[in-house]
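Novice: My structure is in structure.pdb, and what it holds is PDB, C-alpha atoms:
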ATOM      1  CA  MET A 124       0.000   0.000   0.000
ATOM      2  CA  SER A 125       3.027   2.288  -0.397
ATOM      3  CA  ASN A 126       4.516   3.552  -3.624
ATOM      4  CA  ALA A 127       8.223   3.810  -4.428
ATOM      5  CA  ASN A 128       8.439   7.027  -2.432
ATOM      6  CA  GLY A 129       7.009   5.360   0.632
ATOM      7  CA  GLN A 130       3.798   7.337   0.273
ATOM      8  CA  THR A 131       0.761   5.328   1.231
ATOM      9  CA  SER A 132      -2.369   5.195  -0.839
ATOM     10  CA  LEU A 133      -4.822   5.061   2.081
ATOM     11  CA  GLY A 134      -7.513   7.706   1.762
ATOM     12  CA  HIS A 135      -9.377   9.469   4.554
ATOM     13  CA  GLY A 136     -10.946   7.175   7.136
ATOM     14  CA  TYR A 137     -14.402   7.302   8.670
ATOM     15  CA  TYR A 138     -16.034  10.619   9.488
ATOM     16  CA  LEU A 139     -17.723  11.142  12.839
ATOM     17  CA  GLU A 140     -21.219  10.882  11.405
ATOM     18  CA  ASP A 141     -20.529   7.383  10.105
ATOM     19  CA  LEU A 142     -19.372   5.923  13.431
ATOM     20  CA  SER A 143     -21.521   4.239  16.059
ATOM     21  CA  PRO A 144     -21.007   2.053  19.134
ATOM     22  CA  GLY A 145     -20.367  -1.593  18.346
ATOM     23  CA  MET A 146     -18.358  -1.034  15.168
ATOM     24  CA  GLU A 147     -15.035  -2.827  15.390
ATOM     25  CA  ALA A 148     -11.920  -3.651  13.396
ATOM     26  CA  SER A 149      -8.889  -5.906  13.892
ATOM     27  CA  VAL A 150      -5.418  -6.620  12.657
ATOM     28  CA  SER A 151      -3.263  -9.645  13.390
ATOM     29  CA  LYS A 152       0.481 -10.103  13.409
ATOM     30  CA  VAL A 153       2.852 -12.915  14.272
ATOM     31  CA  ILE A 154       5.584 -11.404  16.438
ATOM     32  CA  THR A 155       8.937 -12.606  15.126
ATOM     33  CA  ASP A 156      12.415 -12.540  16.590
ATOM     34  CA  ALA A 157      13.315 -10.026  13.863
ATOM     35  CA  ASP A 158      10.423  -7.786  14.980
ATOM     36  CA  VAL A 159      11.681  -7.782  18.559
ATOM     37  CA  SER A 160      15.231  -6.989  17.444
ATOM     38  CA  ALA A 161      13.996  -4.218  15.155
ATOM     39  CA  PHE A 162      11.897  -2.714  17.946
ATOM     40  CA  ALA A 163      14.843  -2.817  20.342
ATOM     41  CA  GLU A 164      16.990  -1.056  17.758
ATOM     42  CA  LEU A 165      14.323   1.544  17.017
ATOM     43  CA  SER A 166      13.337   2.358  20.595
ATOM     44  CA  GLY A 167      16.616   1.715  22.367
ATOM     45  CA  ASP A 168      14.762  -0.630  24.735
ATOM     46  CA  ILE A 169      17.412  -3.331  25.088
ATOM     47  CA  ASN A 170      15.961  -4.793  28.287
ATOM     48  CA  PRO A 171      17.471  -8.306  28.280
ATOM     49  CA  VAL A 172      14.082  -9.914  28.935
ATOM     50  CA  HIS A 173      13.502  -9.210  25.232
ATOM     51  CA  LEU A 174      16.960  -9.994  23.866
ATOM     52  CA  ASN A 175      18.886 -12.330  26.136
ATOM     53  CA  ASP A 176      17.834 -15.965  26.509
ATOM     54  CA  GLU A 177      19.854 -16.540  29.671
ATOM     55  CA  PHE A 178      18.477 -13.483  31.450
ATOM     56  CA  ALA A 179      14.913 -14.251  30.336
ATOM     57  CA  ALA A 180      15.237 -17.771  31.758
ATOM     58  CA  THR A 181      15.770 -16.245  35.220
ATOM     59  CA  THR A 182      12.507 -14.253  35.062
ATOM     60  CA  VAL A 183       8.929 -15.266  35.768
ATOM     61  CA  PHE A 184       8.418 -15.453  31.988
ATOM     62  CA  LYS A 185      11.088 -18.195  31.570
ATOM     63  CA  LYS A 186      11.855 -17.146  27.998
ATOM     64  CA  ARG A 187      12.182 -13.963  25.963
ATOM     65  CA  ILE A 188       9.050 -11.838  25.493
ATOM     66  CA  ALA A 189       8.060  -9.138  23.027
ATOM     67  CA  HIS A 190       8.123  -5.492  24.067
ATOM     68  CA  GLY A 191       4.716  -4.438  25.382
ATOM     69  CA  PHE A 192       4.819  -1.357  23.176
ATOM     70  CA  LEU A 193       5.336  -3.521  20.102
ATOM     71  CA  THR A 194       2.099  -5.356  20.910
ATOM     72  CA  GLY A 195       0.411  -2.089  21.826
ATOM     73  CA  ALA A 196       1.409  -0.512  18.529
ATOM     74  CA  LEU A 197      -1.122  -2.805  16.886
ATOM     75  CA  PHE A 198      -3.863  -0.692  18.469
ATOM     76  CA  SER A 199      -2.382   2.296  16.656
ATOM     77  CA  THR A 200      -2.427   0.239  13.455
ATOM     78  CA  VAL A 201      -6.133  -0.574  13.812
ATOM     79  CA  LEU A 202      -7.031   2.978  14.815
ATOM     80  CA  GLY A 203      -4.841   4.726  12.265
ATOM     81  CA  THR A 204      -5.565   2.564   9.248
ATOM     82  CA  LYS A 205      -9.006   0.995   9.767
ATOM     83  CA  LEU A 206     -11.266   2.419  12.477
ATOM     84  CA  PRO A 207     -11.587   5.393  12.565
ATOM     85  CA  GLY A 208      -8.700   5.377  10.027
ATOM     86  CA  PRO A 209      -6.658   8.206   8.496
ATOM     87  CA  GLY A 210      -7.575  11.710   9.572
ATOM     88  CA  CYS A 211      -8.323  10.852  13.198
ATOM     89  CA  ILE A 212      -6.195  12.317  15.993
ATOM     90  CA  TYR A 213      -4.965  10.140  18.854
ATOM     91  CA  LEU A 214      -5.831  11.767  22.172
ATOM     92  CA  ALA A 215      -5.289   9.003  24.709
ATOM     93  CA  GLN A 216      -4.565   5.301  25.122
ATOM     94  CA  GLY A 217      -4.620   3.176  28.223
ATOM     95  CA  LEU A 218      -2.534  -0.012  28.330
ATOM     96  CA  LYS A 219      -2.933  -2.798  30.877
ATOM     97  CA  PHE A 220      -0.459  -5.590  30.302
ATOM     98  CA  ARG A 221      -2.199  -8.822  31.287
ATOM     99  CA  ALA A 222       0.105 -11.571  30.025
ATOM    100  CA  PRO A 223       3.380 -11.929  28.134
ATOM    101  CA  VAL A 224       3.644 -12.214  24.349
ATOM    102  CA  TYR A 225       6.309 -14.705  23.275
ATOM    103  CA  ILE A 226       8.279 -14.824  20.036
ATOM    104  CA  GLY A 227       6.129 -16.611  17.455
ATOM    105  CA  ASP A 228       2.801 -15.697  19.069
ATOM    106  CA  GLU A 229       0.083 -14.411  16.761
ATOM    107  CA  VAL A 230      -1.465 -11.298  18.279
ATOM    108  CA  VAL A 231      -4.962 -10.210  17.264
ATOM    109  CA  ALA A 232      -5.651  -6.565  18.064
ATOM    110  CA  THR A 233      -9.291  -5.469  18.089
ATOM    111  CA  CYS A 234     -10.744  -2.021  18.715
ATOM    112  CA  ARG A 235     -14.491  -1.647  19.278
ATOM    113  CA  ILE A 236     -16.333   1.658  19.530
ATOM    114  CA  THR A 237     -17.998   2.102  22.921
ATOM    115  CA  ALA A 238     -19.035   5.746  22.687
ATOM    116  CA  VAL A 239     -19.359   8.546  20.147
ATOM    117  CA  ASP A 240     -19.435  12.087  21.549
ATOM    118  CA  THR A 241     -20.737  14.185  18.692
ATOM    119  CA  ALA A 242     -20.474  17.445  20.656
ATOM    120  CA  LYS A 243     -16.752  16.963  21.239
ATOM    121  CA  SER A 244     -16.049  14.997  18.013
ATOM    122  CA  ARG A 245     -14.546  12.239  20.150
ATOM    123  CA  VAL A 246     -14.811   8.487  19.839
ATOM    124  CA  THR A 247     -13.935   6.035  22.604
ATOM    125  CA  LEU A 248     -12.889   2.464  21.813
ATOM    126  CA  ALA A 249     -12.285  -0.636  23.911
ATOM    127  CA  CYS A 250      -8.997  -2.163  22.726
ATOM    128  CA  ASP A 251      -7.920  -5.751  23.216
ATOM    129  CA  CYS A 252      -4.901  -7.766  22.098
ATOM    130  CA  SER A 253      -5.238 -11.518  22.412
ATOM    131  CA  VAL A 254      -3.116 -14.606  21.757
ATOM    132  CA  ASN A 255      -5.033 -17.827  21.165
ATOM    133  CA  GLY A 256      -8.164 -16.110  22.444
ATOM    134  CA  LYS A 257      -6.587 -14.964  25.726
ATOM    135  CA  THR A 258      -6.272 -11.257  26.419
ATOM    136  CA  VAL A 259      -2.644 -10.175  26.764
ATOM    137  CA  LEU A 260      -3.174  -6.398  26.624
ATOM    138  CA  GLU A 261      -6.218  -4.188  26.954
ATOM    139  CA  GLY A 262      -7.090  -0.536  27.335
ATOM    140  CA  GLU A 263      -9.252   2.324  26.189
ATOM    141  CA  ALA A 264      -8.483   4.656  23.297
ATOM    142  CA  VAL A 265      -9.879   8.149  22.721
ATOM    143  CA  MET A 266      -9.711   9.633  19.229
ATOM    144  CA  MET A 267     -10.784  12.955  17.733
ATOM    145  CA  VAL A 268     -12.511  12.364  14.411
ATOM    146  CA  ASP A 269     -13.253  14.820  11.585
ATOM    147  CA  ARG A 270     -16.816  15.782  10.767
ATOM    148  CA  LYS A 271     -17.960  15.851   7.183
ATOM    149  CA  ALA A 272     -17.313  19.211   5.557
TER
ATOM    150  CA  MET B 197      25.430  -2.848  24.598
ATOM    151  CA  SER B 198      24.758  -5.993  22.560
ATOM    152  CA  ASN B 199      27.205  -8.682  21.600
ATOM    153  CA  ALA B 200      27.443 -10.355  18.204
ATOM    154  CA  ASN B 201      24.526 -12.604  19.111
ATOM    155  CA  GLY B 202      22.330  -9.611  19.901
ATOM    156  CA  GLN B 203      22.408 -10.476  23.596
ATOM    157  CA  THR B 204      22.527  -7.395  25.764
ATOM    158  CA  SER B 205      24.896  -7.017  28.633
ATOM    159  CA  LEU B 206      22.538  -5.088  30.919
ATOM    160  CA  GLY B 207      22.347  -6.677  34.342
ATOM    161  CA  HIS B 208      19.413  -6.659  36.757
ATOM    162  CA  GLY B 209      17.953  -3.230  37.467
ATOM    163  CA  TYR B 210      16.940  -1.695  40.768
ATOM    164  CA  TYR B 211      15.296  -3.784  43.455
ATOM    165  CA  LEU B 212      12.227  -2.520  45.258
ATOM    166  CA  GLU B 213      14.129  -1.669  48.433
ATOM    167  CA  ASP B 214      16.378   0.733  46.535
ATOM    168  CA  LEU B 215      13.580   2.796  44.996
ATOM    169  CA  SER B 216      11.944   5.893  46.441
ATOM    170  CA  PRO B 217       9.709   8.711  45.241
ATOM    171  CA  GLY B 218      11.541  11.441  43.363
ATOM    172  CA  MET B 219      14.061   9.182  41.637
ATOM    173  CA  GLU B 220      14.003   9.773  37.889
ATOM    174  CA  ALA B 221      15.709   8.791  34.662
ATOM    175  CA  SER B 222      15.579   9.965  31.056
ATOM    176  CA  VAL B 223      16.498   9.034  27.526
ATOM    177  CA  SER B 224      16.503  11.265  24.461
ATOM    178  CA  LYS B 225      16.133  10.472  20.797
ATOM    179  CA  VAL B 226      15.919  12.466  17.607
ATOM    180  CA  ILE B 227      13.042  11.005  15.595
ATOM    181  CA  THR B 228      14.204  10.542  12.015
ATOM    182  CA  ASP B 229      12.350   9.855   8.806
ATOM    183  CA  ALA B 230      13.971   6.406   8.807
ATOM    184  CA  ASP B 231      12.583   5.760  12.311
ATOM    185  CA  VAL B 232       9.050   6.591  11.181
ATOM    186  CA  SER B 233       9.381   4.374   8.104
ATOM    187  CA  ALA B 234      10.782   1.519  10.209
ATOM    188  CA  PHE B 235       7.985   1.853  12.738
ATOM    189  CA  ALA B 236       5.357   1.829   9.970
ATOM    190  CA  GLU B 237       6.940  -1.305   8.538
ATOM    191  CA  LEU B 238       7.133  -2.996  11.926
ATOM    192  CA  SER B 239       3.653  -2.136  13.182
ATOM    193  CA  GLY B 240       1.765  -2.025   9.916
ATOM    194  CA  ASP B 241       0.559   1.462  10.855
ATOM    195  CA  ILE B 242       0.738   3.108   7.441
ATOM    196  CA  ASN B 243      -1.579   5.986   8.332
ATOM    197  CA  PRO B 244      -0.645   8.573   5.685
ATOM    198  CA  VAL B 245      -0.293  11.319   8.316
ATOM    199  CA  HIS B 246       3.029   9.600   9.058
ATOM    200  CA  LEU B 247       4.091   8.699   5.519
ATOM    201  CA  ASN B 248       2.457  10.930   2.934
ATOM    202  CA  ASP B 249       3.435  14.588   2.658
ATOM    203  CA  GLU B 250       0.401  15.563   0.599
ATOM    204  CA  PHE B 251      -2.070  13.931   2.990
ATOM    205  CA  ALA B 252      -0.309  15.362   6.042
ATOM    206  CA  ALA B 253      -0.541  18.847   4.529
ATOM    207  CA  THR B 254      -4.347  18.563   4.609
ATOM    208  CA  THR B 255      -4.415  17.805   8.348
ATOM    209  CA  VAL B 256      -4.266  20.093  11.367
ATOM    210  CA  PHE B 257      -0.609  19.067  11.730
ATOM    211  CA  LYS B 258       0.314  20.495   8.270
ATOM    212  CA  LYS B 259       3.233  18.069   7.880
ATOM    213  CA  ARG B 260       4.076  14.454   8.651
ATOM    214  CA  ILE B 261       4.224  13.430  12.324
ATOM    215  CA  ALA B 262       5.798  10.521  14.147
ATOM    216  CA  HIS B 263       3.636   7.649  15.385
ATOM    217  CA  GLY B 264       2.516   8.282  18.966
ATOM    218  CA  PHE B 265       3.575   4.783  19.910
ATOM    219  CA  LEU B 266       7.082   5.443  18.632
ATOM    220  CA  THR B 267       7.342   8.374  21.029
ATOM    221  CA  GLY B 268       5.659   6.369  23.771
ATOM    222  CA  ALA B 269       8.104   3.512  23.339
ATOM    223  CA  LEU B 270      10.726   5.784  24.879
ATOM    224  CA  PHE B 271       8.925   5.356  28.215
ATOM    225  CA  SER B 272       9.474   1.624  27.851
ATOM    226  CA  THR B 273      13.130   2.319  27.129
ATOM    227  CA  VAL B 274      13.561   4.358  30.314
ATOM    228  CA  LEU B 275      11.600   1.878  32.418
ATOM    229  CA  GLY B 276      13.122  -1.270  30.951
ATOM    230  CA  THR B 277      16.744  -0.177  30.827
ATOM    231  CA  LYS B 278      17.228   2.501  33.517
ATOM    232  CA  LEU B 279      14.545   2.917  36.162
ATOM    233  CA  PRO B 280      13.542   0.451  37.495
ATOM    234  CA  GLY B 281      15.531  -1.372  34.762
ATOM    235  CA  PRO B 282      15.779  -5.055  33.807
ATOM    236  CA  GLY B 283      13.753  -7.453  35.908
ATOM    237  CA  CYS B 284      10.736  -5.193  36.351
ATOM    238  CA  ILE B 285       7.367  -6.187  34.911
ATOM    239  CA  TYR B 286       5.222  -3.687  33.028
ATOM    240  CA  LEU B 287       1.704  -3.662  34.454
ATOM    241  CA  ALA B 288       0.155  -0.528  33.015
ATOM    242  CA  GLN B 289       0.868   2.629  31.063
ATOM    243  CA  GLY B 290      -1.346   5.608  30.401
ATOM    244  CA  LEU B 291      -0.698   7.773  27.346
ATOM    245  CA  LYS B 292      -2.144  11.233  26.780
ATOM    246  CA  PHE B 293      -1.014  12.697  23.480
ATOM    247  CA  ARG B 294      -0.668  16.450  23.983
ATOM    248  CA  ALA B 295       1.081  17.669  20.846
ATOM    249  CA  PRO B 296       2.535  16.269  17.627
ATOM    250  CA  VAL B 297       6.137  15.111  17.236
ATOM    251  CA  TYR B 298       7.598  16.064  13.867
ATOM    252  CA  ILE B 299      10.401  14.409  11.919
ATOM    253  CA  GLY B 300      13.683  15.771  13.284
ATOM    254  CA  ASP B 301      12.320  16.617  16.742
ATOM    255  CA  GLU B 302      14.438  15.544  19.705
ATOM    256  CA  VAL B 303      12.214  13.846  22.269
ATOM    257  CA  VAL B 304      13.284  13.669  25.909
ATOM    258  CA  ALA B 305      11.441  10.938  27.843
ATOM    259  CA  THR B 306      11.557  11.175  31.624
ATOM    260  CA  CYS B 307      10.052   8.829  34.199
ATOM    261  CA  ARG B 308       9.905   9.913  37.859
ATOM    262  CA  ILE B 309       8.835   7.698  40.735
ATOM    263  CA  THR B 310       5.737   9.035  42.476
ATOM    264  CA  ALA B 311       4.917   6.079  44.746
ATOM    265  CA  VAL B 312       6.443   2.836  45.990
ATOM    266  CA  ASP B 313       3.991   0.240  47.294
ATOM    267  CA  THR B 314       6.151  -2.194  49.215
ATOM    268  CA  ALA B 315       3.234  -4.461  50.136
ATOM    269  CA  LYS B 316       2.345  -5.046  46.478
ATOM    270  CA  SER B 317       5.900  -4.662  45.096
ATOM    271  CA  ARG B 318       4.616  -1.967  42.775
ATOM    272  CA  VAL B 319       6.152   1.308  41.708
ATOM    273  CA  THR B 320       4.228   4.150  40.058
ATOM    274  CA  LEU B 321       5.985   6.668  37.820
ATOM    275  CA  ALA B 322       4.938   9.930  36.196
ATOM    276  CA  CYS B 323       6.101   9.798  32.576
ATOM    277  CA  ASP B 324       6.665  12.779  30.317
ATOM    278  CA  CYS B 325       7.953  13.179  26.768
ATOM    279  CA  SER B 326       8.917  16.686  25.772
ATOM    280  CA  VAL B 327      10.256  18.497  22.702
ATOM    281  CA  ASN B 328      12.107  21.744  23.364
ATOM    282  CA  GLY B 329      10.767  21.689  26.905
ATOM    283  CA  LYS B 330       7.108  21.333  25.866
ATOM    284  CA  THR B 331       5.211  18.194  26.885
ATOM    285  CA  VAL B 332       4.049  16.195  23.872
ATOM    286  CA  LEU B 333       3.035  12.999  25.691
ATOM    287  CA  GLU B 334       2.418  12.153  29.322
ATOM    288  CA  GLY B 335       0.995   9.360  31.408
ATOM    289  CA  GLU B 336       1.440   7.139  34.422
ATOM    290  CA  ALA B 337       3.319   3.827  34.478
ATOM    291  CA  VAL B 338       2.900   1.018  36.997
ATOM    292  CA  MET B 339       5.675  -1.560  37.323
ATOM    293  CA  MET B 340       6.133  -4.653  39.456
ATOM    294  CA  VAL B 341       9.674  -4.742  40.814
ATOM    295  CA  ASP B 342      11.631  -7.644  42.341
ATOM    296  CA  ARG B 343      12.530  -7.611  46.017
ATOM    297  CA  LYS B 344      16.033  -8.544  47.067
ATOM    298  CA  ALA B 345      16.417 -12.273  47.611
TER
END
Hey, can you dump this file as structure tokens for me?
Specialist:
Amino acid sequence: MSNANGQTSLGHGYYLEDLSPGMEASVSKVITDADVSAFAELSGDINPVHLNDEFAATTVFKKRIAHGFLTGALFSTVLGTKLPGPGCIYLAQGLKFRAPVYIGDEVVATCRITAVDTAKSRVTLACDCSVNGKTVLEGEAVMMVDRKA
Amino acid sequence: MSNANGQTSLGHGYYLEDLSPGMEASVSKVITDADVSAFAELSGDINPVHLNDEFAATTVFKKRIAHGFLTGALFSTVLGTKLPGPGCIYLAQGLKFRAPVYIGDEVVATCRITAVDTAKSRVTLACDCSVNGKTVLEGEAVMMVDRKA
């Protein structure tokens, strides 16, 4: 969905008038070892629980886990590309880390609209990341969404 | 801080007994165009406000902005590598996006301990990302921290 200049072809997402509680969208991603390394490089978060097998073995997780913000970024992907999609403005996101995500896990991130405040042009969504049907991360997002011209 | 196998050499971070309110740590990072592209690739968040100059020009931001989760990941970097550092477990993070981060901005992420709950082994931190001294992102983190053996 990007051209040679890295420009994406996504158009404007939903407008406020087209959104209602209950609408939802998801993305899924298998978290690879390369993803974890790339995220460590990008963020500078080289916590050994993500990168060092020996250290990870000494923790409650027993083996290396993905960065929580890598999992959480999938909420941004749903919100920024699908629902509400391009044009919305991220105001707030809560993140409650419920369980670890291991290398090779497939994460499904789902965001479901729980409220539309037409006066303030704000939409609230319940966000959930799950692995094999078990919630690993959840939280609420608040977005500002354009009205139709 | 990584060896040829990508294993980091960071040891265990602070233990609960060594933490007290007022302690703080920071990291800084200049957000580059390459960082934004890498984050889009990694997360799948190809919202054109991050990648497409023409689209971004039509938004309230006027030009391309960094992903909020890329900025927010710097909290994870502070928490996971400095304070409390390796060994802590991320329980929760709040994120309130206050202002955009543009390509080339230097973000300073600071986390400051506001409470230590010795009974629950939990530490709460006030987290702030700023650009040129202006807060662009803030929120509270809650970590579980190991006690000394």
Novice: Pick out the residues sitting within 8 Å of A:Tyr225, and hand them over as a list in words; count all atoms listed in the file, and ignore anything fewer than 2 positions along from it in its own chain.
Specialist: Ile154, Lys186, Arg187, Ile188, Ala189, Pro223, Gly227 and Asp228 of chain A
Novice: List, as a ChimeraX atom specification, every residue that the PyMOL selection byres ((chain B and resi 325-329) around 7) selects in the file provided.
Specialist: /B:301-306,323-324,330-334
Novice: What are the residues of chain A that have an atom within 9 Å of an atom of chain B, counting only C-alpha atoms, as a count of residues only?
Specialist: 59
Novice: Just fit chain A onto chain B on all the Cα atoms, in order, by least squares, and give it as a CSV table (one decimal) with C-alpha atoms, in the frame of the given file.
Specialist:
chain,number,residue,atom,x,y,z
A,124,MET,CA,25.5,-2.9,24.6
A,125,SER,CA,24.7,-6.1,22.6
A,126,ASN,CA,27.2,-8.8,21.6
A,127,ALA,CA,27.3,-10.5,18.2
A,128,ASN,CA,24.4,-12.7,19.1
A,129,GLY,CA,22.3,-9.7,19.9
A,130,GLN,CA,22.4,-10.5,23.6
A,131,THR,CA,22.5,-7.4,25.8
A,132,SER,CA,24.9,-7.0,28.6
A,133,LEU,CA,22.6,-5.1,30.9
A,134,GLY,CA,22.4,-6.7,34.4
A,135,HIS,CA,19.4,-6.6,36.8
A,136,GLY,CA,18.0,-3.2,37.5
A,137,TYR,CA,16.9,-1.7,40.8
A,138,TYR,CA,15.3,-3.8,43.5
A,139,LEU,CA,12.2,-2.5,45.3
A,140,GLU,CA,14.1,-1.7,48.4
A,141,ASP,CA,16.4,0.7,46.5
A,142,LEU,CA,13.6,2.8,45.0
A,143,SER,CA,11.9,5.9,46.5
A,144,PRO,CA,9.7,8.7,45.2
A,145,GLY,CA,11.5,11.4,43.4
A,146,MET,CA,14.1,9.2,41.6
A,147,GLU,CA,14.0,9.8,37.9
A,148,ALA,CA,15.7,8.8,34.7
A,149,SER,CA,15.6,10.0,31.0
A,150,VAL,CA,16.5,9.1,27.5
A,151,SER,CA,16.5,11.3,24.5
A,152,LYS,CA,16.1,10.5,20.8
A,153,VAL,CA,15.9,12.5,17.6
A,154,ILE,CA,13.0,11.0,15.6
A,155,THR,CA,14.2,10.5,12.0
A,156,ASP,CA,12.4,9.9,8.8
A,157,ALA,CA,14.0,6.4,8.8
A,158,ASP,CA,12.6,5.8,12.3
A,159,VAL,CA,9.1,6.6,11.2
A,160,SER,CA,9.4,4.4,8.1
A,161,ALA,CA,10.8,1.5,10.2
A,162,PHE,CA,8.0,1.9,12.7
A,163,ALA,CA,5.4,1.8,10.0
A,164,GLU,CA,7.0,-1.3,8.5
A,165,LEU,CA,7.2,-3.0,11.9
A,166,SER,CA,3.7,-2.1,13.2
A,167,GLY,CA,1.8,-2.0,9.9
A,168,ASP,CA,0.6,1.5,10.9
A,169,ILE,CA,0.8,3.1,7.4
A,170,ASN,CA,-1.6,6.0,8.3
A,171,PRO,CA,-0.6,8.6,5.7
A,172,VAL,CA,-0.3,11.3,8.3
A,173,HIS,CA,3.0,9.6,9.1
A,174,LEU,CA,4.1,8.7,5.5
A,175,ASN,CA,2.5,10.9,2.9
A,176,ASP,CA,3.4,14.6,2.7
A,177,GLU,CA,0.4,15.5,0.6
A,178,PHE,CA,-2.1,13.9,3.0
A,179,ALA,CA,-0.3,15.4,6.0
A,180,ALA,CA,-0.6,18.8,4.5
A,181,THR,CA,-4.4,18.5,4.6
A,182,THR,CA,-4.4,17.8,8.4
A,183,VAL,CA,-4.3,20.1,11.4
A,184,PHE,CA,-0.6,19.1,11.7
A,185,LYS,CA,0.3,20.5,8.3
A,186,LYS,CA,3.2,18.1,7.9
A,187,ARG,CA,4.1,14.5,8.6
A,188,ILE,CA,4.2,13.4,12.3
A,189,ALA,CA,5.8,10.5,14.2
A,190,HIS,CA,3.6,7.7,15.4
A,191,GLY,CA,2.5,8.3,19.0
A,192,PHE,CA,3.6,4.8,19.9
A,193,LEU,CA,7.1,5.4,18.6
A,194,THR,CA,7.4,8.4,21.0
A,195,GLY,CA,5.7,6.4,23.8
A,196,ALA,CA,8.1,3.5,23.3
A,197,LEU,CA,10.7,5.8,24.9
A,198,PHE,CA,8.9,5.4,28.2
A,199,SER,CA,9.5,1.6,27.8
A,200,THR,CA,13.1,2.3,27.1
A,201,VAL,CA,13.6,4.4,30.3
A,202,LEU,CA,11.6,1.9,32.4
A,203,GLY,CA,13.1,-1.2,30.9
A,204,THR,CA,16.8,-0.2,30.8
A,205,LYS,CA,17.2,2.5,33.5
A,206,LEU,CA,14.5,2.9,36.2
A,207,PRO,CA,13.5,0.4,37.5
A,208,GLY,CA,15.5,-1.4,34.8
A,209,PRO,CA,15.8,-5.0,33.8
A,210,GLY,CA,13.8,-7.4,35.9
A,211,CYS,CA,10.7,-5.2,36.4
A,212,ILE,CA,7.4,-6.2,34.9
A,213,TYR,CA,5.2,-3.7,33.0
A,214,LEU,CA,1.7,-3.7,34.5
A,215,ALA,CA,0.2,-0.5,33.0
A,216,GLN,CA,0.9,2.6,31.0
A,217,GLY,CA,-1.4,5.6,30.4
A,218,LEU,CA,-0.7,7.8,27.3
A,219,LYS,CA,-2.1,11.2,26.8
A,220,PHE,CA,-1.0,12.7,23.5
A,221,ARG,CA,-0.7,16.4,24.0
A,222,ALA,CA,1.1,17.7,20.8
A,223,PRO,CA,2.5,16.3,17.6
A,224,VAL,CA,6.1,15.1,17.2
A,225,TYR,CA,7.6,16.1,13.9
A,226,ILE,CA,10.4,14.4,11.9
A,227,GLY,CA,13.7,15.8,13.3
A,228,ASP,CA,12.3,16.6,16.7
A,229,GLU,CA,14.4,15.6,19.7
A,230,VAL,CA,12.2,13.9,22.3
A,231,VAL,CA,13.3,13.7,25.9
A,232,ALA,CA,11.4,11.0,27.8
A,233,THR,CA,11.5,11.2,31.6
A,234,CYS,CA,10.0,8.8,34.2
A,235,ARG,CA,9.9,9.9,37.9
A,236,ILE,CA,8.8,7.7,40.7
A,237,THR,CA,5.7,9.0,42.5
A,238,ALA,CA,4.9,6.1,44.7
A,239,VAL,CA,6.4,2.8,46.0
A,240,ASP,CA,4.0,0.2,47.3
A,241,THR,CA,6.2,-2.2,49.2
A,242,ALA,CA,3.2,-4.5,50.1
A,243,LYS,CA,2.4,-5.0,46.5
A,244,SER,CA,5.9,-4.7,45.1
A,245,ARG,CA,4.6,-2.0,42.8
A,246,VAL,CA,6.1,1.3,41.7
A,247,THR,CA,4.2,4.1,40.1
A,248,LEU,CA,6.0,6.7,37.8
A,249,ALA,CA,4.9,9.9,36.2
A,250,CYS,CA,6.1,9.8,32.6
A,251,ASP,CA,6.6,12.8,30.3
A,252,CYS,CA,7.9,13.2,26.8
A,253,SER,CA,8.9,16.7,25.8
A,254,VAL,CA,10.2,18.5,22.7
A,255,ASN,CA,12.1,21.8,23.4
A,256,GLY,CA,10.7,21.7,26.9
A,257,LYS,CA,7.1,21.3,25.9
A,258,THR,CA,5.2,18.2,26.9
A,259,VAL,CA,4.0,16.2,23.9
A,260,LEU,CA,3.0,13.0,25.7
A,261,GLU,CA,2.4,12.2,29.3
A,262,GLY,CA,1.0,9.4,31.4
A,263,GLU,CA,1.4,7.1,34.4
A,264,ALA,CA,3.3,3.8,34.5
A,265,VAL,CA,2.9,1.0,37.0
A,266,MET,CA,5.7,-1.6,37.3
A,267,MET,CA,6.1,-4.7,39.5
A,268,VAL,CA,9.7,-4.7,40.8
A,269,ASP,CA,11.6,-7.6,42.3
A,270,ARG,CA,12.6,-7.6,46.0
A,271,LYS,CA,16.1,-8.6,47.1
A,272,ALA,CA,16.4,-12.3,47.6
Novice: With a distance cut-off of 9 Å and all atoms listed in the file, select the neighbouring residues of A:Arg245, excluding the residue or stretch itself and same-chain residues fewer than 5 positions from it, and output the selection as a list in words.
Specialist: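 Everything that qualifies: Leu139, Leu214, Ala238, Val239, Asp240, Val265, Met266, Met267 and Val268 of chain A.
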Novice: Could I get stretch 133-138 of chain A rebuilt with N, CA and C atoms, written as an mmCIF file, keeping the file's coordinate frame?
Specialist:
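Once written, rebuild-v2.cif looks like this:
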data_model
loop_
_atom_site.group_PDB
_atom_site.id
_atom_site.type_symbol
_atom_site.label_atom_id
_atom_site.label_comp_id
_atom_site.auth_asym_id
_atom_site.auth_seq_id
_atom_site.Cartn_x
_atom_site.Cartn_y
_atom_site.Cartn_z
ATOM 1 N N LEU A 133 -3.596 5.042 1.286
ATOM 2 C CA LEU A 133 -4.822 5.061 2.081
ATOM 3 C C LEU A 133 -5.480 6.430 1.987
ATOM 4 N N GLY A 134 -6.781 6.447 1.769
ATOM 5 C CA GLY A 134 -7.513 7.706 1.762
ATOM 6 C C GLY A 134 -7.973 8.067 3.159
ATOM 7 N N HIS A 135 -8.855 9.049 3.253
ATOM 8 C CA HIS A 135 -9.377 9.469 4.554
ATOM 9 C C HIS A 135 -10.231 8.350 5.149
ATOM 10 N N GLY A 136 -10.172 8.205 6.457
ATOM 11 C CA GLY A 136 -10.946 7.175 7.136
ATOM 12 C C GLY A 136 -12.381 7.605 7.365
ATOM 13 N N TYR A 137 -13.010 6.979 8.348
ATOM 14 C CA TYR A 137 -14.402 7.302 8.670
ATOM 15 C C TYR A 137 -14.530 8.738 9.178
ATOM 16 N N TYR A 138 -15.668 9.335 8.878
ATOM 17 C CA TYR A 138 -16.034 10.619 9.488
ATOM 18 C C TYR A 138 -16.939 10.336 10.691
#
